[in-house]
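**Q** Starting off with a structure, shown below.
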Amino acid sequence: MLQDKKVLFSGMQATGNLTIGNYLGALQNWVKLSDEYECFYSVVDLHSITVRQDPAELRKRARKLLTLYIAAGLDPDKNCIYYQSHVSAHAELAWILNCFTYMGELNRMTQFKDKSSKHADNINAGLFTYPVLMAADILLYQADVVPVGIDQMQHLELTRDIAQRFNSVYGDVFTVPEPFIGKVGAKIMSLQDPAKKMSKSDENPNASVYLMDDPDTIMRKFKRAVTDSEGVVRYDEEKQPGICNLIDIYCACTGKTKEETEREFSGKGYGDFKTAVGTAVVDRLSPLQAKMADLEKNKDYIDQIIKQNAEKASYVATKTLRKVQKKVGFPERVR
Ligand code: TRP
């Protein structure tokens, strides 16, 4: 491992169909960061089973997500792209960190409150300790930075608290990670309700644009996107949240700024603007979709990446885990 680069860790769940929110908000930023940092990007399948999954479907989606990381431009020779479930250290460290996390802290997590009201029939202990597993993910790799969406900030704060708590008892064991929130596209909202985040699991099919949607579908969804009656393309979060979201999407796809976008569409109507946003998204996604199709044909190549990167991740993670086990007083392994 290169010692001079800082370490970055992030992960995504393979549940539901991925949306442009996942790509423009997260993956695209990951690609930009991948030169500057030593990166670990995990498909966090252990997290996924905190809600019931269809096994075949989960396996398929996890593979798709891992392939997508590569299709989006993360070089698997430089970035460690792997399945969380292939590195047992995650579960092992999570157990230890569970013993350093308070019920009260976990009770305050808004995602737990949300998810337990959505899945009232299955409020399992895993759902409750989900943030501890996330802390283990990050701390195992001694990550300096963690790119996350706003919705994960609370979990990251908890990770920092757990790391500091552990360090204060045992000395400097963990690097205390910093959040990294991207400037553009940190949060892409639903096309049907700009107060809600665009979600992989929205029941309204017009609310989300999926990464694998074809051009016609994409254009149709943007034409139907909810706007307002102001009639000007202007970034006004109070009065025009729908238009703000479309501007964010447009900027994330084209690299233009909000001001440039407002100027470009001054005097033009919503119809023109929606068509332009749709086209920008289609242009952005088509090379990605082509790359994805290519990679999916190449089974051996992907298999080899899965194997090699799991080994690399295990090597780094186990080093931290052994240190932690020693600190808390587990007997040393006889070699
Ligand atoms: N909880 C994150 C989410 O739902 C996914 C995740 C799991 C993660 N482990 C992580 C993100 C570690 C960043 C770092 O989006």
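In the structure tokens, the first chain shown is A, the next is B, and so on; residue numbers restart at 1 for each chain, and ligands run from 1 in the order shown.
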Enumerate residues in contact with ligand 1: an atom-to-atom distance of at most 10 Å, counting only C-alpha atoms and all ligand atoms. Format the result as number ranges by chain.
**A** A: 8-15, 22, 26, 40-48, 84, 90, 111, 130-139, 143, 145-153, 155-156, 159, 179
**Q** Assign secondary structure with DSSP using the backbone only, and return the residues of region 140-205 of chain A in helix (DSSP H, G or I) as number ranges by chain.
**A** A: 140, 150-170
**Q** Just to be explicit: take each residue in the selection above, keep N, CA, C and O atoms, and write the result as a JSON list (two decimals), in the first residue's frame.
**A**
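What ended up in selection.json:
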```
[["chain", "number", "residue", "atom", "x", "y", "z"],
["A", 140, "LEU", "N", -11.66, -0.18, 10.30],
["A", 140, "LEU", "CA", -10.77, -1.29, 9.93],
["A", 140, "LEU", "C", -9.68, -0.84, 8.98],
["A", 140, "LEU", "O", -8.57, -1.37, 9.00],
["A", 150, "ILE", "N", -25.58, 13.43, 3.12],
["A", 150, "ILE", "CA", -26.01, 14.08, 4.35],
["A", 150, "ILE", "C", -26.71, 13.08, 5.28],
["A", 150, "ILE", "O", -26.56, 13.13, 6.49],
["A", 151, "ASP", "N", -27.48, 12.16, 4.67],
["A", 151, "ASP", "CA", -28.27, 11.23, 5.48],
["A", 151, "ASP", "C", -27.40, 10.28, 6.31],
["A", 151, "ASP", "O", -27.90, 9.65, 7.24],
["A", 152, "GLN", "N", -26.11, 10.17, 5.98],
["A", 152, "GLN", "CA", -25.23, 9.27, 6.72],
["A", 152, "GLN", "C", -24.33, 10.01, 7.71],
["A", 152, "GLN", "O", -23.49, 9.40, 8.38],
["A", 153, "MET", "N", -24.49, 11.32, 7.79],
["A", 153, "MET", "CA", -23.62, 12.12, 8.66],
["A", 153, "MET", "C", -23.71, 11.70, 10.11],
["A", 153, "MET", "O", -22.72, 11.65, 10.83],
["A", 154, "GLN", "N", -24.92, 11.40, 10.54],
["A", 154, "GLN", "CA", -25.11, 11.02, 11.94],
["A", 154, "GLN", "C", -24.34, 9.73, 12.26],
["A", 154, "GLN", "O", -23.75, 9.60, 13.34],
["A", 155, "HIS", "N", -24.35, 8.81, 11.30],
["A", 155, "HIS", "CA", -23.61, 7.57, 11.50],
["A", 155, "HIS", "C", -22.10, 7.83, 11.55],
["A", 155, "HIS", "O", -21.36, 7.17, 12.29],
["A", 156, "LEU", "N", -21.68, 8.79, 10.76],
["A", 156, "LEU", "CA", -20.25, 9.10, 10.74],
["A", 156, "LEU", "C", -19.82, 9.78, 12.04],
["A", 156, "LEU", "O", -18.74, 9.50, 12.58],
["A", 157, "GLU", "N", -20.69, 10.63, 12.56],
["A", 157, "GLU", "CA", -20.41, 11.25, 13.85],
["A", 157, "GLU", "C", -20.27, 10.18, 14.93],
["A", 157, "GLU", "O", -19.37, 10.24, 15.77],
["A", 158, "LEU", "N", -21.16, 9.21, 14.88],
["A", 158, "LEU", "CA", -21.10, 8.12, 15.86],
["A", 158, "LEU", "C", -19.79, 7.34, 15.69],
["A", 158, "LEU", "O", -19.14, 6.98, 16.69],
["A", 159, "THR", "N", -19.40, 7.10, 14.46],
["A", 159, "THR", "CA", -18.13, 6.41, 14.19],
["A", 159, "THR", "C", -16.97, 7.14, 14.85],
["A", 159, "THR", "O", -16.10, 6.54, 15.49],
["A", 160, "ARG", "N", -16.98, 8.46, 14.71],
["A", 160, "ARG", "CA", -15.92, 9.26, 15.32],
["A", 160, "ARG", "C", -15.95, 9.14, 16.85],
["A", 160, "ARG", "O", -14.92, 8.99, 17.49],
["A", 161, "ASP", "N", -17.15, 9.17, 17.40],
["A", 161, "ASP", "CA", -17.27, 9.03, 18.87],
["A", 161, "ASP", "C", -16.76, 7.67, 19.34],
["A", 161, "ASP", "O", -16.05, 7.59, 20.35],
["A", 162, "ILE", "N", -17.12, 6.62, 18.61],
["A", 162, "ILE", "CA", -16.67, 5.28, 19.01],
["A", 162, "ILE", "C", -15.14, 5.20, 18.92],
["A", 162, "ILE", "O", -14.48, 4.68, 19.82],
["A", 163, "ALA", "N", -14.59, 5.73, 17.83],
["A", 163, "ALA", "CA", -13.13, 5.68, 17.64],
["A", 163, "ALA", "C", -12.42, 6.43, 18.77],
["A", 163, "ALA", "O", -11.45, 5.94, 19.36],
["A", 164, "GLN", "N", -12.93, 7.61, 19.09],
["A", 164, "GLN", "CA", -12.31, 8.41, 20.14],
["A", 164, "GLN", "C", -12.43, 7.73, 21.50],
["A", 164, "GLN", "O", -11.50, 7.74, 22.30],
["A", 165, "ARG", "N", -13.58, 7.12, 21.73],
["A", 165, "ARG", "CA", -13.80, 6.42, 23.00],
["A", 165, "ARG", "C", -12.81, 5.27, 23.13],
["A", 165, "ARG", "O", -12.18, 5.09, 24.17],
["A", 166, "PHE", "N", -12.68, 4.50, 22.06],
["A", 166, "PHE", "CA", -11.76, 3.36, 22.09],
["A", 166, "PHE", "C", -10.32, 3.84, 22.29],
["A", 166, "PHE", "O", -9.58, 3.31, 23.11],
["A", 167, "ASN", "N", -9.96, 4.88, 21.53],
["A", 167, "ASN", "CA", -8.59, 5.41, 21.63],
["A", 167, "ASN", "C", -8.29, 5.95, 23.03],
["A", 167, "ASN", "O", -7.17, 5.85, 23.50],
["A", 168, "SER", "N", -9.31, 6.52, 23.66],
["A", 168, "SER", "CA", -9.04, 7.11, 24.97],
["A", 168, "SER", "C", -8.78, 6.02, 26.01],
["A", 168, "SER", "O", -8.10, 6.26, 27.00],
["A", 169, "VAL", "N", -9.28, 4.82, 25.78],
["A", 169, "VAL", "CA", -9.00, 3.72, 26.69],
["A", 169, "VAL", "C", -7.69, 3.01, 26.34],
["A", 169, "VAL", "O", -6.89, 2.68, 27.21],
["A", 170, "TYR", "N", -7.45, 2.77, 25.05],
["A", 170, "TYR", "CA", -6.36, 1.88, 24.64],
["A", 170, "TYR", "C", -5.21, 2.56, 23.92],
["A", 170, "TYR", "O", -4.31, 1.89, 23.43]]
```
**Q** With distances taken over only C-alpha atoms, which of A:Lys115, A:Leu65, A:Trp30, A:Leu74 is nearest to Val51 (chain A)?
**A**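 Nearest candidate to Val51 (chain A) out of A:Lys115, A:Leu65, A:Trp30, A:Leu74: A:Lys115.
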**Q** Just to confirm, what's the straight-line distance from CA of Leu27 (chain A) to CA of Tyr210 (chain A) in Å (one decimal)?
**A**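 Spanning CA of Leu27 (chain A) to CA of Tyr210 (chain A) is a straight-line distance of 13.9 Å.
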**Q** Considering only C-alpha atoms, state which residue in the set A:Ala195, A:Leu295, A:Gly25, A:Asp283 is at the smallest distance from Leu66 (chain A).
**A**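 Answer, going by the shortest atom-to-atom distance: A:Leu295.
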**Q** Show which residues sit within 10 Å of Lys323 (chain A), as a list in words. Count only C-alpha atoms, and ignore same-chain residues fewer than 4 positions away.
**A**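 What passes the distance filter is Val173, Phe174, Thr318, Lys319, Lys327 and Val328 of chain A.
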**Q** Output N, CA and C atoms of each residue in that selection to a file, as a short mmCIF file (atom, residue, chain, number, x, y, z; two decimals), in the first residue's frame.
**A**
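Saved the output as result-v1.cif:
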```cif
data_model
loop_
_atom_site.label_atom_id
_atom_site.label_comp_id
_atom_site.auth_asym_id
_atom_site.auth_seq_id
_atom_site.Cartn_x
_atom_site.Cartn_y
_atom_site.Cartn_z
N VAL A 173 -5.41 3.71 18.51
CA VAL A 173 -5.61 2.51 17.70
C VAL A 173 -6.25 2.88 16.36
N PHE A 174 -7.26 3.73 16.41
CA PHE A 174 -8.01 4.07 15.20
C PHE A 174 -7.73 5.49 14.73
N THR A 318 -7.38 -7.15 8.57
CA THR A 318 -6.95 -8.07 9.61
C THR A 318 -5.85 -7.46 10.47
N LYS A 319 -5.03 -6.66 9.84
CA LYS A 319 -3.97 -5.98 10.59
C LYS A 319 -4.58 -5.13 11.73
N LYS A 327 -5.38 -5.39 22.10
CA LYS A 327 -5.66 -4.31 23.05
C LYS A 327 -6.74 -4.69 24.05
N VAL A 328 -7.81 -5.35 23.57
CA VAL A 328 -8.91 -5.64 24.50
C VAL A 328 -8.60 -6.85 25.38
#
```
**Q** Using only C-alpha atoms, can you tell me which of A:Cys39, A:Met219, A:Met103, A:Ala89 comes closest to Thr320 (chain A)?
**A** A:Ala89
**Q** Name the residues in contact with Asp213 (chain A) at a cut-off of 12 Å, using only C-alpha atoms, excluding same-chain residues fewer than 3 positions from it; report them as a list in words.
**A** Asn17, Leu18, Thr19, Ile20, Pro205, Asn206, Ser208, Val209, Tyr210, Asp216, Thr217, Ile218, Met219, Arg220, Lys221, Gly278, Val281, Val282, Leu285, Ser286, Leu288 and Gln289 of chain A
**Q** Could you write out, as a ChimeraX atom specification, all the residues of region 87-332 of chain A that DSSP marks as strand (DSSP E or B)?
**A** /A:145-147,178-180,189,197,210
